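**Student:** Got a structure for you, structure09.cif, holding mmCIF, C-alpha atoms.
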data_data
loop_
_atom_site.label_atom_id
_atom_site.label_comp_id
_atom_site.auth_asym_id
_atom_site.auth_seq_id
_atom_site.Cartn_x
_atom_site.Cartn_y
_atom_site.Cartn_z
CA MET A 138 -20.10 13.40 -20.18
CA HIS A 139 -23.17 15.59 -19.66
CA ASN A 140 -25.34 12.85 -18.12
CA THR A 141 -22.77 11.92 -15.49
CA ASN A 142 -23.09 13.22 -11.94
CA TYR A 143 -19.48 14.15 -11.28
CA ILE A 144 -20.24 15.64 -7.88
CA GLU A 145 -21.43 12.25 -6.63
CA LEU A 146 -18.50 10.47 -8.28
CA MET A 147 -16.01 12.80 -6.61
CA ASN A 148 -17.73 12.33 -3.26
CA HIS A 149 -17.41 8.59 -3.82
CA LEU A 150 -13.70 8.95 -4.58
CA GLU A 151 -13.21 10.94 -1.37
CA ASN A 152 -14.67 8.05 0.64
CA LEU A 153 -12.55 5.24 -0.83
CA ARG A 154 -10.36 3.45 1.71
CA PRO A 155 -6.68 4.11 0.84
CA PHE A 156 -3.83 1.60 0.61
CA ALA A 157 -0.20 2.05 -0.40
CA ILE A 158 2.21 -0.48 -1.92
CA ILE A 159 5.94 -0.23 -1.25
CA THR A 160 8.78 -2.40 -2.47
CA THR A 161 11.89 -3.65 -0.66
CA GLY A 162 13.97 -4.35 -3.75
CA ARG A 163 12.92 -6.52 -6.68
CA THR A 164 10.02 -7.95 -4.72
CA GLY A 165 7.11 -7.86 -7.14
CA SER A 166 5.32 -4.62 -6.26
CA ASP A 167 4.55 -4.04 -9.95
CA PHE A 168 3.41 -7.62 -10.35
CA LEU A 169 1.08 -7.34 -7.35
CA GLN A 170 -0.45 -4.19 -8.79
CA SER A 171 -0.90 -5.92 -12.15
CA LEU A 172 -2.89 -8.65 -10.37
CA MET A 173 -5.10 -5.94 -8.88
CA ASP A 174 -5.55 -4.29 -12.27
CA SER A 175 -8.86 -5.94 -13.21
CA ASN A 176 -10.49 -6.27 -9.79
CA THR A 177 -13.70 -4.26 -10.04
CA GLU A 178 -13.45 -3.01 -6.44
CA ILE A 179 -9.89 -1.67 -6.73
CA LEU A 180 -9.10 1.78 -8.10
CA THR A 181 -5.46 1.93 -9.07
CA PHE A 182 -3.19 3.43 -11.71
CA ASN A 183 -0.64 2.25 -14.26
CA GLY A 184 2.33 1.19 -12.11
CA PRO A 185 4.25 3.32 -9.59
CA LEU A 186 3.28 6.97 -9.49
CA TYR A 187 5.49 9.47 -7.66
CA PHE A 188 2.54 11.81 -7.44
CA HIS A 189 3.59 13.86 -4.45
CA ASP A 190 7.04 14.44 -5.95
CA PHE A 191 5.25 15.88 -8.96
CA TRP A 192 3.01 18.03 -6.78
CA HIS A 193 5.95 19.37 -4.78
CA ASP A 194 7.90 20.29 -7.92
CA SER A 195 4.96 21.48 -10.02
CA LYS A 196 5.25 25.00 -11.39
CA CYS A 197 1.51 25.25 -12.00
CA ASN A 198 0.36 24.66 -8.42
CA LYS A 199 2.63 27.41 -7.12
CA GLN A 200 0.40 30.01 -8.70
CA LYS A 201 -2.25 31.85 -6.67
CA SER A 202 -4.90 30.50 -9.02
CA ILE A 203 -4.30 27.06 -10.49
CA ASP A 204 -5.18 26.58 -14.15
CA ILE A 205 -6.34 22.96 -14.09
CA PHE A 206 -5.63 22.39 -17.78
CA ASP A 207 -2.09 23.74 -17.46
CA LEU A 208 -1.60 21.52 -14.43
CA LEU A 209 -2.87 18.53 -16.38
CA ASP A 210 -0.57 19.29 -19.31
CA GLU A 211 2.36 19.46 -16.90
CA PHE A 212 1.35 16.15 -15.31
CA ILE A 213 0.74 14.38 -18.62
CA GLY A 214 4.03 15.70 -19.99
CA ILE A 215 5.96 14.00 -17.19
CA TYR A 216 3.91 10.80 -17.18
CA ILE A 217 3.04 10.44 -20.86
CA HIS A 218 4.24 6.80 -20.73
CA LYS A 219 1.51 6.05 -18.20
CA PHE A 220 -1.16 7.20 -20.65
CA LYS A 221 0.50 6.00 -23.84
CA SER A 222 2.34 2.87 -22.80
CA LYS A 223 3.99 2.47 -26.19
CA TYR A 224 6.57 4.81 -24.65
CA ASP A 225 7.08 2.62 -21.58
CA TYR A 226 9.99 0.58 -22.91
CA GLN A 227 11.57 -0.20 -19.53
CA GLU A 228 8.45 -1.85 -18.10
CA GLN A 229 7.75 -3.52 -21.48
CA LYS A 230 4.27 -2.08 -21.57
CA ASP A 231 4.82 -1.32 -25.22
CA GLN A 232 4.27 -5.04 -25.78
CA LEU A 233 1.06 -5.88 -23.94
CA GLY A 234 -1.48 -8.51 -24.91
CA GLU A 235 -1.19 -12.15 -25.95
CA ASP A 236 0.89 -11.38 -29.02
CA GLY A 237 2.72 -8.37 -27.57
CA THR A 238 1.23 -5.91 -30.06
CA GLN A 239 -1.02 -3.90 -27.74
CA SER A 240 -0.45 -0.90 -25.49
CA ILE A 241 -2.45 1.44 -23.28
CA ASN A 242 -3.79 4.41 -25.22
CA ILE A 243 -5.75 6.84 -23.05
CA ASP A 244 -7.86 9.50 -24.78
CA LEU A 245 -6.08 12.54 -23.35
CA ASN A 246 -8.85 14.98 -24.23
CA LEU A 247 -11.40 12.82 -22.42
CA PHE A 248 -8.99 12.48 -19.50
CA ARG A 249 -8.55 16.26 -19.22
CA GLU A 250 -12.29 16.93 -19.48
CA THR A 251 -13.08 14.28 -16.85
CA VAL A 252 -10.54 15.60 -14.33
CA ASN A 253 -11.89 19.10 -14.85
CA ALA A 254 -15.48 17.89 -14.35
CA LEU A 255 -14.61 16.02 -11.15
CA LEU A 256 -12.83 19.06 -9.69
CA LYS A 257 -15.48 21.59 -10.71
CA ASP A 258 -16.37 23.90 -7.81
CA ARG A 259 -13.75 22.16 -5.62
CA LYS A 260 -10.44 23.43 -4.34
CA THR A 261 -7.59 21.83 -6.27
CA SER A 262 -5.28 20.31 -3.67
CA SER A 263 -2.78 17.48 -3.89
CA ARG A 264 -5.39 15.08 -2.49
CA SER A 265 -8.30 16.16 -4.70
CA PHE A 266 -6.14 16.29 -7.83
CA MET A 267 -4.73 12.81 -7.20
CA LEU A 268 -8.21 11.37 -6.63
CA ALA A 269 -9.46 13.05 -9.80
CA VAL A 270 -6.50 11.67 -11.78
CA TYR A 271 -7.15 8.12 -10.56
CA GLY A 272 -10.89 8.41 -11.13
CA SER A 273 -10.52 9.88 -14.61
CA TYR A 274 -7.98 7.25 -15.61
CA ALA A 275 -10.44 4.52 -14.63
CA ILE A 276 -13.29 6.21 -16.48
CA CYS A 277 -11.15 6.45 -19.63
CA LEU A 278 -10.59 2.69 -19.36
CA GLY A 279 -14.33 2.13 -19.18
CA GLN A 280 -14.35 1.09 -15.53
CA ASN A 281 -17.31 1.66 -13.21
CA LEU A 282 -16.20 4.03 -10.44
CA GLU A 283 -19.29 3.33 -8.37
CA LYS A 284 -18.11 -0.25 -7.83
CA LYS A 285 -14.74 0.85 -6.42
CA SER A 286 -14.35 0.55 -2.66
CA ILE A 287 -10.59 1.05 -2.21
CA ILE A 288 -7.82 3.05 -3.86
CA VAL A 289 -4.38 1.43 -4.12
CA HIS A 290 -1.50 3.85 -4.65
CA HIS A 291 1.80 2.27 -5.68
CA ILE A 292 4.21 4.62 -3.92
CA HIS A 293 7.13 2.19 -4.46
CA HIS A 294 9.63 3.73 -2.00
CA ALA A 295 9.00 4.01 1.74
CA GLU A 296 10.72 7.40 1.88
CA ARG A 297 7.80 8.82 -0.11
CA LEU A 298 5.28 7.87 2.57
CA PRO A 299 5.38 11.09 4.66
CA LYS A 300 3.97 13.36 1.94
CA TYR A 301 1.44 10.74 0.87
CA LEU A 302 0.24 10.19 4.44
CA LEU A 303 -0.42 13.90 4.87
CA ASP A 304 -3.18 13.47 2.30
CA PHE A 305 -4.21 9.95 3.29
CA PRO A 306 -3.43 9.61 7.02
CA SER A 307 -5.60 6.51 7.47
CA SER A 308 -3.91 4.58 4.66
CA LYS A 309 -2.85 1.00 5.26
CA ILE A 310 0.44 -0.19 3.80
CA ILE A 311 1.41 -3.35 1.89
CA CYS A 312 5.14 -4.14 2.00
CA MET A 313 6.34 -6.54 -0.66
CA THR A 314 9.18 -8.87 0.35
CA ARG A 315 11.28 -11.73 -1.04
CA ASP A 316 13.96 -14.19 0.03
CA PRO A 317 16.75 -11.64 0.70
CA ARG A 318 19.39 -13.79 -0.99
CA ALA A 319 17.44 -14.08 -4.23
CA ASN A 320 16.50 -10.40 -3.93
CA PHE A 321 20.17 -9.41 -3.59
CA VAL A 322 21.25 -11.42 -6.65
CA SER A 323 18.36 -10.10 -8.73
CA GLY A 324 18.89 -6.49 -7.71
CA ILE A 325 22.62 -6.45 -8.40
CA LEU A 326 22.82 -8.48 -11.60
CA HIS A 327 19.69 -7.26 -13.33
CA HIS A 328 20.23 -3.59 -12.53
CA ARG A 329 23.86 -3.87 -13.64
CA LYS A 330 22.74 -5.35 -16.94
CA TYR A 331 20.19 -2.62 -17.50
CA ASN A 332 22.16 0.39 -16.23
CA ILE A 333 25.96 0.40 -16.01
CA LYS A 334 25.78 3.26 -13.48
CA THR A 335 24.60 0.74 -10.87
CA ASP A 336 27.88 -1.17 -11.19
CA SER A 337 29.35 0.24 -7.98
CA SER A 338 29.64 -0.55 -4.28
CA HIS A 339 27.45 2.52 -3.68
CA HIS A 340 24.50 0.81 -5.39
CA LEU A 341 25.38 -2.53 -3.76
CA TYR A 342 25.36 -0.98 -0.28
CA ASN A 343 22.11 0.90 -0.80
CA TYR A 344 20.42 -2.17 -2.24
CA LEU A 345 21.63 -4.34 0.64
CA HIS A 346 20.37 -1.79 3.14
CA ARG A 347 16.96 -1.70 1.46
CA ILE A 348 16.69 -5.49 1.52
CA ILE A 349 17.73 -5.84 5.14
CA VAL A 350 15.50 -3.05 6.46
CA ASP A 351 12.58 -4.71 4.66
CA SER A 352 9.17 -3.79 6.09
CA TYR A 353 10.79 -2.15 9.13
CA SER A 354 10.95 0.89 6.87
CA VAL A 355 7.34 1.58 7.95
CA LYS A 356 7.64 0.66 11.63
CA HIS A 357 7.72 4.27 12.88
CA TYR A 358 4.36 5.01 11.25
CA GLU A 359 1.20 4.26 13.20
CA ASN A 360 -0.54 3.04 10.06
CA GLU A 361 -1.53 -0.60 9.86
CA SER A 362 0.83 -2.51 7.60
CA ILE A 363 1.46 -6.05 6.48
CA SER A 364 4.06 -7.89 4.40
CA LEU A 365 3.42 -10.02 1.35
CA ARG A 366 5.93 -12.47 -0.13
CA ILE A 367 6.37 -12.38 -3.89
CA GLU A 368 6.83 -16.16 -3.81
CA ASP A 369 3.20 -16.48 -2.62
CA LEU A 370 1.52 -14.48 -5.38
CA GLY A 371 0.70 -17.61 -7.34
CA SER A 372 -1.42 -19.00 -4.51
CA GLU A 373 -5.17 -18.43 -4.78
CA CYS A 374 -5.63 -18.72 -1.02
CA ILE A 375 -2.95 -16.03 -0.50
CA LEU A 376 -4.77 -13.68 -2.85
CA GLU A 377 -8.04 -14.49 -1.09
CA SER A 378 -6.39 -13.70 2.26
CA LEU A 379 -5.07 -10.44 0.82
CA CYS A 380 -8.56 -9.49 -0.32
CA LYS A 381 -9.88 -10.33 3.13
CA TRP A 382 -7.29 -7.94 4.62
CA LEU A 383 -8.27 -5.32 2.02
CA GLU A 384 -11.92 -5.99 2.90
CA ILE A 385 -12.95 -6.57 -0.71
CA LYS A 386 -14.19 -9.59 -2.65
CA TYR A 387 -11.68 -11.88 -4.32
CA GLU A 388 -12.10 -12.09 -8.08
CA ASN A 389 -10.60 -14.69 -10.42
CA SER A 390 -9.12 -11.87 -12.51
CA MET A 391 -6.45 -11.55 -9.82
CA GLN A 392 -4.81 -14.72 -11.11
CA TYR A 393 -3.77 -12.82 -14.24
CA SER A 394 -1.09 -10.18 -14.69
CA THR A 395 -2.50 -7.31 -16.76
CA TRP A 396 -2.42 -3.58 -17.33
CA ALA A 397 -5.71 -2.06 -18.52
CA GLY A 398 -6.87 -5.65 -18.95
CA MET A 399 -4.03 -6.55 -21.34
CA LYS A 400 -1.55 -9.34 -20.57
CA TRP A 401 1.83 -8.27 -19.20
CA LYS A 402 4.99 -10.37 -19.47
CA GLY A 403 7.12 -8.43 -16.98
CA ASP A 404 9.68 -5.64 -17.30
CA ARG A 405 12.78 -5.73 -19.48
CA ILE A 406 15.10 -6.07 -16.47
CA SER A 407 13.63 -9.50 -15.74
CA ALA A 408 15.86 -12.27 -17.02
CA LYS A 409 12.88 -14.58 -17.58
CA LYS A 410 9.60 -13.51 -19.12
CA ASN A 411 6.17 -14.58 -18.00
CA GLN A 412 4.94 -16.83 -20.78
CA GLY A 413 1.66 -17.62 -19.04
CA ASN A 414 -1.15 -15.33 -17.93
CA GLY A 415 -0.24 -14.99 -14.28
CA PHE A 416 2.30 -15.98 -11.67
CA SER A 417 5.28 -18.11 -12.69
CA HIS A 418 7.83 -19.53 -10.26
CA LYS A 419 10.31 -19.72 -13.14
CA MET A 420 10.41 -15.91 -13.24
CA LEU A 421 11.77 -15.92 -9.68
CA GLU A 422 14.42 -18.55 -10.22
CA ASN A 423 17.83 -16.88 -10.37
CA SER A 424 20.11 -19.61 -8.96
CA TRP A 425 21.20 -17.48 -6.03
CA GLU A 426 22.74 -20.57 -4.42
CA LYS A 427 25.23 -20.73 -7.29
CA LYS A 428 25.76 -17.01 -7.72
CA LEU A 429 26.54 -16.33 -4.06
CA SER A 430 29.75 -17.76 -2.64
CA PHE A 431 29.71 -20.24 0.24
CA LEU A 432 30.87 -17.50 2.60
CA ASP A 433 28.19 -15.11 1.31
CA GLN A 434 25.50 -17.70 1.96
CA TYR A 435 26.91 -18.44 5.40
CA LEU A 436 26.96 -14.73 6.24
CA PHE A 437 23.43 -14.04 5.01
CA ASN A 438 22.06 -17.10 6.78
CA PHE A 439 23.57 -15.90 10.05
CA LEU A 440 22.82 -12.17 9.87
CA LEU A 441 19.27 -12.65 8.54
CA ASN A 442 18.41 -15.90 10.26
CA ASP A 443 15.51 -14.50 12.27
CA ARG A 444 14.18 -12.85 9.13
CA LEU A 445 14.40 -16.11 7.17
CA ILE A 446 12.59 -17.92 9.99
CA ASN A 447 9.94 -15.20 10.28
CA TYR A 448 9.04 -15.42 6.58
CA LYS A 449 9.59 -19.21 6.47
CA TYR A 450 12.43 -19.15 3.95
CA LYS A 451 15.00 -21.92 3.78
CA ASN A 452 17.59 -21.48 6.52
CA LYS A 453 20.18 -23.30 8.63
CA LYS A 454 20.31 -23.27 12.39
CA ILE A 455 23.00 -21.05 13.89
CA TYR A 456 25.19 -21.92 16.86
CA LEU A 457 27.31 -20.01 19.36
CA TYR A 458 30.54 -20.60 17.41
CA ASP A 459 28.97 -18.94 14.34
CA TYR A 460 29.19 -15.58 16.13
CA PHE A 461 32.97 -15.81 16.25
CA ILE A 462 33.33 -17.00 12.65
CA VAL A 463 31.02 -14.30 11.29
CA PHE A 464 32.95 -11.60 13.15
CA PHE A 465 35.90 -12.22 10.81
CA ILE A 466 33.96 -13.11 7.65
CA ILE A 467 32.29 -9.68 7.68
CA LEU A 468 35.66 -8.13 6.85
CA LEU A 469 35.99 -10.15 3.65
CA PRO A 470 34.54 -8.78 0.38
CA LEU A 471 31.28 -10.29 -0.80
CA LYS A 472 31.52 -12.05 -4.13
CA PHE A 473 29.86 -9.12 -5.88
CA GLU A 474 32.22 -6.69 -4.12
CA LEU A 475 35.32 -8.49 -5.42
CA ARG A 476 34.47 -7.11 -8.84
CA PHE A 477 35.22 -3.56 -7.68
CA PHE A 478 38.77 -4.49 -6.68
CA SER A 479 39.62 -6.62 -9.71
CA TYR A 480 42.52 -5.62 -11.96
CA ARG A 481 40.27 -5.23 -14.99
CA TYR A 482 37.76 -3.01 -13.16
CA LEU A 483 40.48 -0.80 -11.68
CA VAL A 484 42.34 -0.38 -14.99
CA ASN A 485 39.12 0.49 -16.82
CA ALA A 486 38.18 3.05 -14.14
CA VAL A 487 41.61 4.70 -14.32
CA LYS A 488 41.46 4.87 -18.12
CA ASN A 489 38.12 6.68 -17.87
CA ASN A 490 39.29 8.99 -15.06
CA GLN A 491 36.69 7.54 -12.70
CA TYR A 492 38.72 8.20 -9.58
CA LYS A 493 35.67 9.41 -7.69
CA ILE A 494 33.95 6.06 -8.28
CA LEU A 495 37.04 4.20 -7.06
CA LEU A 496 37.07 6.28 -3.88
CA LEU A 497 33.34 5.76 -3.33
CA ASN A 498 33.79 2.01 -3.82
CA ILE A 499 36.21 1.96 -0.91
CA ILE A 500 34.02 4.19 1.26
CA TYR A 501 30.89 2.10 0.71
CA TYR A 502 32.79 -1.13 1.19
CA ILE A 503 33.76 0.16 4.63
CA LYS A 504 30.18 1.30 5.27
CA ARG A 505 28.93 -2.17 4.39
CA ILE A 506 31.34 -3.70 6.91
CA VAL A 507 30.23 -1.29 9.63
CA TYR A 508 26.57 -1.97 8.79
CA PHE A 509 27.04 -5.73 9.07
CA TYR A 510 28.76 -5.30 12.44
CA ARG A 511 25.74 -3.32 13.61
CA ILE A 512 23.49 -6.22 12.61
CA LEU A 513 25.82 -8.61 14.43
CA MET A 514 25.63 -6.45 17.55
CA ASN A 515 21.83 -6.43 17.35
CA LYS A 516 21.87 -10.22 17.28
CA VAL A 517 24.18 -10.30 20.29
CA ILE A 518 21.80 -8.12 22.31
CA GLY A 519 18.86 -10.32 21.32
CA PHE A 520 17.04 -8.33 18.59
CA LYS A 521 14.76 -10.53 16.47
CA PHE A 522 13.02 -9.63 13.24
CA SER A 523 9.27 -10.02 13.57
CA ARG A 524 6.75 -8.87 11.00
CA GLU A 525 3.25 -10.12 10.19
CA TYR A 526 2.68 -11.25 6.61
CA ILE A 527 -0.21 -12.50 4.50
CA SER A 528 -0.71 -16.25 4.77
CA CYS A 529 -3.49 -18.63 3.84
CA ASP A 530 -4.94 -18.61 7.35
CA LYS A 531 -5.23 -14.83 7.63
#
If you convert what's in this file into structure tokens, what do you get?
**Tutor:**
Amino acid sequence: MHNTNYIELMNHLENLRPFAIITTGRTGSDFLQSLMDSNTEILTFNGPLYFHDFWHDSKCNKQKSIDIFDLLDEFIGIYIHKFKSKYDYQEQKDQLGEDGTQSINIDLNLFRETVNALLKDRKTSSRSFMLAVYGSYAICLGQNLEKKSIIVHHIHHAERLPKYLLDFPSSKIICMTRDPRANFVSGILHHRKYNIKTDSSHHLYNYLHRIIVDSYSVKHYENESISLRIEDLGSECILESLCKWLEIKYENSMQYSTWAGMKWKGDRISAKKNQGNGFSHKMLENSWEKKLSFLDQYLFNFLLNDRLINYKYKNKKIYLYDYFIVFFIILLPLKFELRFFSYRYLVNAVKNNQYKILLLNIIYYIKRIVYFYRILMNKVIGFKFSREYISCDK
């Protein structure tokens, strides 16, 4: 500790080029970050970090004089699973490594001392504290900060961008995407299995909206952004193209999914685990063609046809008569919506006095219909989805 020039290290951290990762559903934002985990030029953290939510709600930073160790205790208390991943059951980081017996175990005393050293004689702001947290985390893992040229912050949700961009206004943004039909099936079925509270038309509507908006969630920001398909993460040339966009060197370590250098098999929501060391197409297979009804597939193909074409997903050509057919199909419940109007679901809800949920199911079913008509109207007036994404020639 005493032989390290923390002033120079903090100056180096201040000059790192910032990037943010956001998700648009179950699109592999965690997996992308895990591929970046061992790249020597990338400074990142352990999964999504809602840092600016913490800073906004922090009791310690509201004091006239911030006690850095109190602030660190508050931060560690909320994110203990990031430092001791044996507590991160949901993301299955309690079972890292080849045999699933390893976990991240940060020396918290060293972490506190390093953050304090980096911030010595500096004003503690949201920006400086976040940089010190990232830098200290890397140091505790034995990484060489001087080799880092970019910082990648996994912000996860686009609605968290405004506060982040106040600190990092020049940040570029990576938007993860996926075939919307597979994304929809994954998001509804896997979340329902993990958390029964998501078994409602409220969650279905919000998830649909998130999928359809896709990377347009960042369109009103002036920051440079690009999309990246989860289906492409197993391609070396895609990862090389990503590194070219990030302006860093591609390293073979990016073919492997790790946290703190330890193998990761994916979160517990995933139906299929990653048995290899890196990308696996089997993890993405969810038989959406069988789990969506014929009418659902017809509707998605029509409403999202320009999106499917833009990202080069499988699609069918649409014709003028499809506009008239879709106008009526929109009114029909989606296959996953039928569940909320089934006899069994209704009886169970009444028995548990869940009348509010029943009412919300109707409200959000109507909202979904209205939303789909808005998309139909956009198609009528000629709107076309167009977003640049990482490909092997970029």
**Student:** List the spatial neighbours of segment 199-207 of chain A as a PyMOL selection string - criterion: any atom at most 10 Å away, all atoms listed in the file, same-chain residues fewer than 5 positions off excluded.
**Tutor:** chain A and resi 192-194+212-213+249-250+252-253+256-257+260-262+266
**Student:** So what do you get for atom CA of Phe321 of chain A versus atom CA of Gly162 of chain A, distance-wise?
**Tutor:**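 Atom-to-atom, atom CA of Phe321 of chain A and atom CA of Gly162 of chain A are spaced 8.0 Å apart.
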**Student:** Could you please determine the separation between atom CA of Ile288 of chain A and atom CA of Phe156 of chain A in Å, to one decimal place?
**Tutor:**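 Taking atom CA of Ile288 of chain A and atom CA of Phe156 of chain A, their separation equals 6.2 Å.
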**Student:** Just so the selection is clear, what residues does the PyMOL selection byres ((chain A and resi 251) around 10) cover here, as a list in words?
**Tutor:**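 When the PyMOL selection byres ((chain A and resi 251) around 10) is applied, the selected residues are Met138, Tyr143, Leu245, Asn246, Leu247, Phe248, Arg249, Glu250, Val252, Asn253, Ala254, Leu255, Leu256, Lys257, Ala269, Val270, Gly272, Ser273, Tyr274, Ile276 and Cys277 of chain A.
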**Student:** With all atoms listed in the file as the counted atoms, please give the residues lying no more than 6 Å from Arg315 of chain A, apart from itself and same-chain residues fewer than 5 positions off, as a short mmCIF file (atom, residue, chain, number, x, y, z; two decimals) with C-alpha atoms, in the coordinates of the input.
**Tutor:**
data_model
loop_
_atom_site.label_atom_id
_atom_site.label_comp_id
_atom_site.auth_asym_id
_atom_site.auth_seq_id
_atom_site.Cartn_x
_atom_site.Cartn_y
_atom_site.Cartn_z
CA THR A 164 10.02 -7.95 -4.72
CA ARG A 366 5.93 -12.47 -0.13
CA ILE A 367 6.37 -12.38 -3.89
#
**Student:** Taking 6 positions as the minimum chain separation for residues in the same chain, which residues sit within 7 Å of segment 221-233 of chain A when counting all atoms listed in the file? Answer as a PDB file with C-alpha atoms, in the coordinates of the input.
**Tutor:**
ATOM      1  CA  GLN A 239      -1.020  -3.900 -27.740  1.00  0.00           C
ATOM      2  CA  SER A 240      -0.450  -0.900 -25.490  1.00  0.00           C
ATOM      3  CA  ILE A 241      -2.450   1.440 -23.280  1.00  0.00           C
ATOM      4  CA  ASN A 242      -3.790   4.410 -25.220  1.00  0.00           C
ATOM      5  CA  ILE A 243      -5.750   6.840 -23.050  1.00  0.00           C
ATOM      6  CA  MET A 399      -4.030  -6.550 -21.340  1.00  0.00           C
ATOM      7  CA  LYS A 400      -1.550  -9.340 -20.570  1.00  0.00           C
ATOM      8  CA  TRP A 401       1.830  -8.270 -19.200  1.00  0.00           C
ATOM      9  CA  GLY A 403       7.120  -8.430 -16.980  1.00  0.00           C
ATOM     10  CA  ASP A 404       9.680  -5.640 -17.300  1.00  0.00           C
ATOM     11  CA  ARG A 405      12.780  -5.730 -19.480  1.00  0.00           C
TER      12      ARG A 405
END
**Student:** I need every residue sitting at most 10 Å from the point (32.3, 2.9, -0.5) (coordinates as in the file, all atoms listed in the file considered), written as a list in words.
**Tutor:**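 Residues lying no farther than 10 Å from the given point: Ser337, Ser338, His339, His340, Leu341, Tyr342, Ile494, Leu495, Leu496, Leu497, Asn498, Ile499, Ile500, Tyr501, Tyr502, Ile503, Lys504, Arg505 and Ile506 of chain A.
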**Student:** If the PyMOL selection byres ((chain A and resi 383-392) around 7) is run on the structure shown, which residues does it catch, given as an MDAnalysis selection string?
**Tutor:** chainID A and resid 172:173 175:176 178 377 379:382 393:394 415
**Student:** So what does the PyMOL selection byres ((chain A and resi 313) around 8) actually pick up in this one, as an MDAnalysis selection string?
**Tutor:** chainID A and resid 158:161 164:166 311:312 314:315 352 364:367
**Student:** Measure the distance from atom CA of Glu361 of chain A to atom CA of Ile310 of chain A in Å and round it to one decimal.
**Tutor:**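 Taking atom CA of Glu361 of chain A and atom CA of Ile310 of chain A, their separation equals 6.4 Å.
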**Student:** For His294 of chain A, which residue among A:Lys516, A:Arg163, A:Lys521, A:Arg476 is the nearest when counting all atoms listed in the file?
**Tutor:** A:Arg163
**Student:** Measuring atom to atom with all atoms listed in the file, identify which of A:Leu169, A:Tyr216, A:Ser323, A:Phe477 is nearest to Gly371 of chain A.
**Tutor:**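 Once distances to Gly371 of chain A are computed over all atoms listed in the file, the minimum belongs to A:Leu169.
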**Student:** Return the single residue from A:Glu474, A:Asp351, A:Asp190, A:Glu151 that is closest to Lys300 of chain A, with distances computed using all atoms listed in the file.
**Tutor:**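 Residue with the minimum atom-to-atom distance to Lys300 of chain A: A:Asp190.
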**Student:** Counting all atoms listed in the file, which residues of segment 378-497 of chain A fall within 12 Å of segment 508-515 of chain A, and what is the closest atom pair for each with its distance in Å at one decimal, ordered by chain and rising number, as CSV?
**Tutor:**
residue,atom,partner,partner_atom,distance
A:Leu436,CA,A:Phe509,CA,9.4
A:Phe437,CA,A:Phe509,CA,9.9
A:Phe439,CA,A:Leu513,CA,8.8
A:Leu440,CA,A:Leu513,CA,6.5
A:Leu441,CA,A:Ile512,CA,8.7
A:Asn442,CA,A:Ile512,CA,11.2
A:Asp443,CA,A:Asn515,CA,11.4
A:Arg444,CA,A:Ile512,CA,11.9
A:Asp459,CA,A:Leu513,CA,10.8
A:Tyr460,CA,A:Leu513,CA,7.9
A:Phe461,CA,A:Leu513,CA,10.3
A:Ile462,CA,A:Leu513,CA,11.4
A:Val463,CA,A:Leu513,CA,8.3
A:Phe464,CA,A:Tyr510,CA,7.6
A:Phe465,CA,A:Tyr510,CA,10.1
A:Ile466,CA,A:Phe509,CA,10.2
A:Ile467,CA,A:Phe509,CA,6.7
A:Leu468,CA,A:Phe509,CA,9.2
A:Leu469,CA,A:Phe509,CA,11.4
A:Pro470,CA,A:Phe509,CA,11.9
A:Leu471,CA,A:Phe509,CA,11.7
**Student:** Identify which of the residues A:Gln491, A:Ser286, A:Ser171, A:Gln280 lies closest to Thr395 of chain A, counting only C-alpha atoms when measuring atom-to-atom distances.
**Tutor:**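 Distance minimum relative to Thr395 of chain A lands on A:Ser171.
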**Student:** Give the answer as one residue: which of A:Ala486, A:Leu209, A:Val517, A:Leu268 has the shortest atom-to-atom distance to Met147 of chain A, using all atoms listed in the file?
**Tutor:**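 Selected residue with least distance to Met147 of chain A: A:Leu268.
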**Student:** Can you tell me, as number ranges by chain, what residues are no more than 10 Å from Glu426 of chain A when counting only C-alpha atoms, ignoring any on the same chain fewer than 5 positions away?
**Tutor:** A: 318-319, 322, 431, 433-434
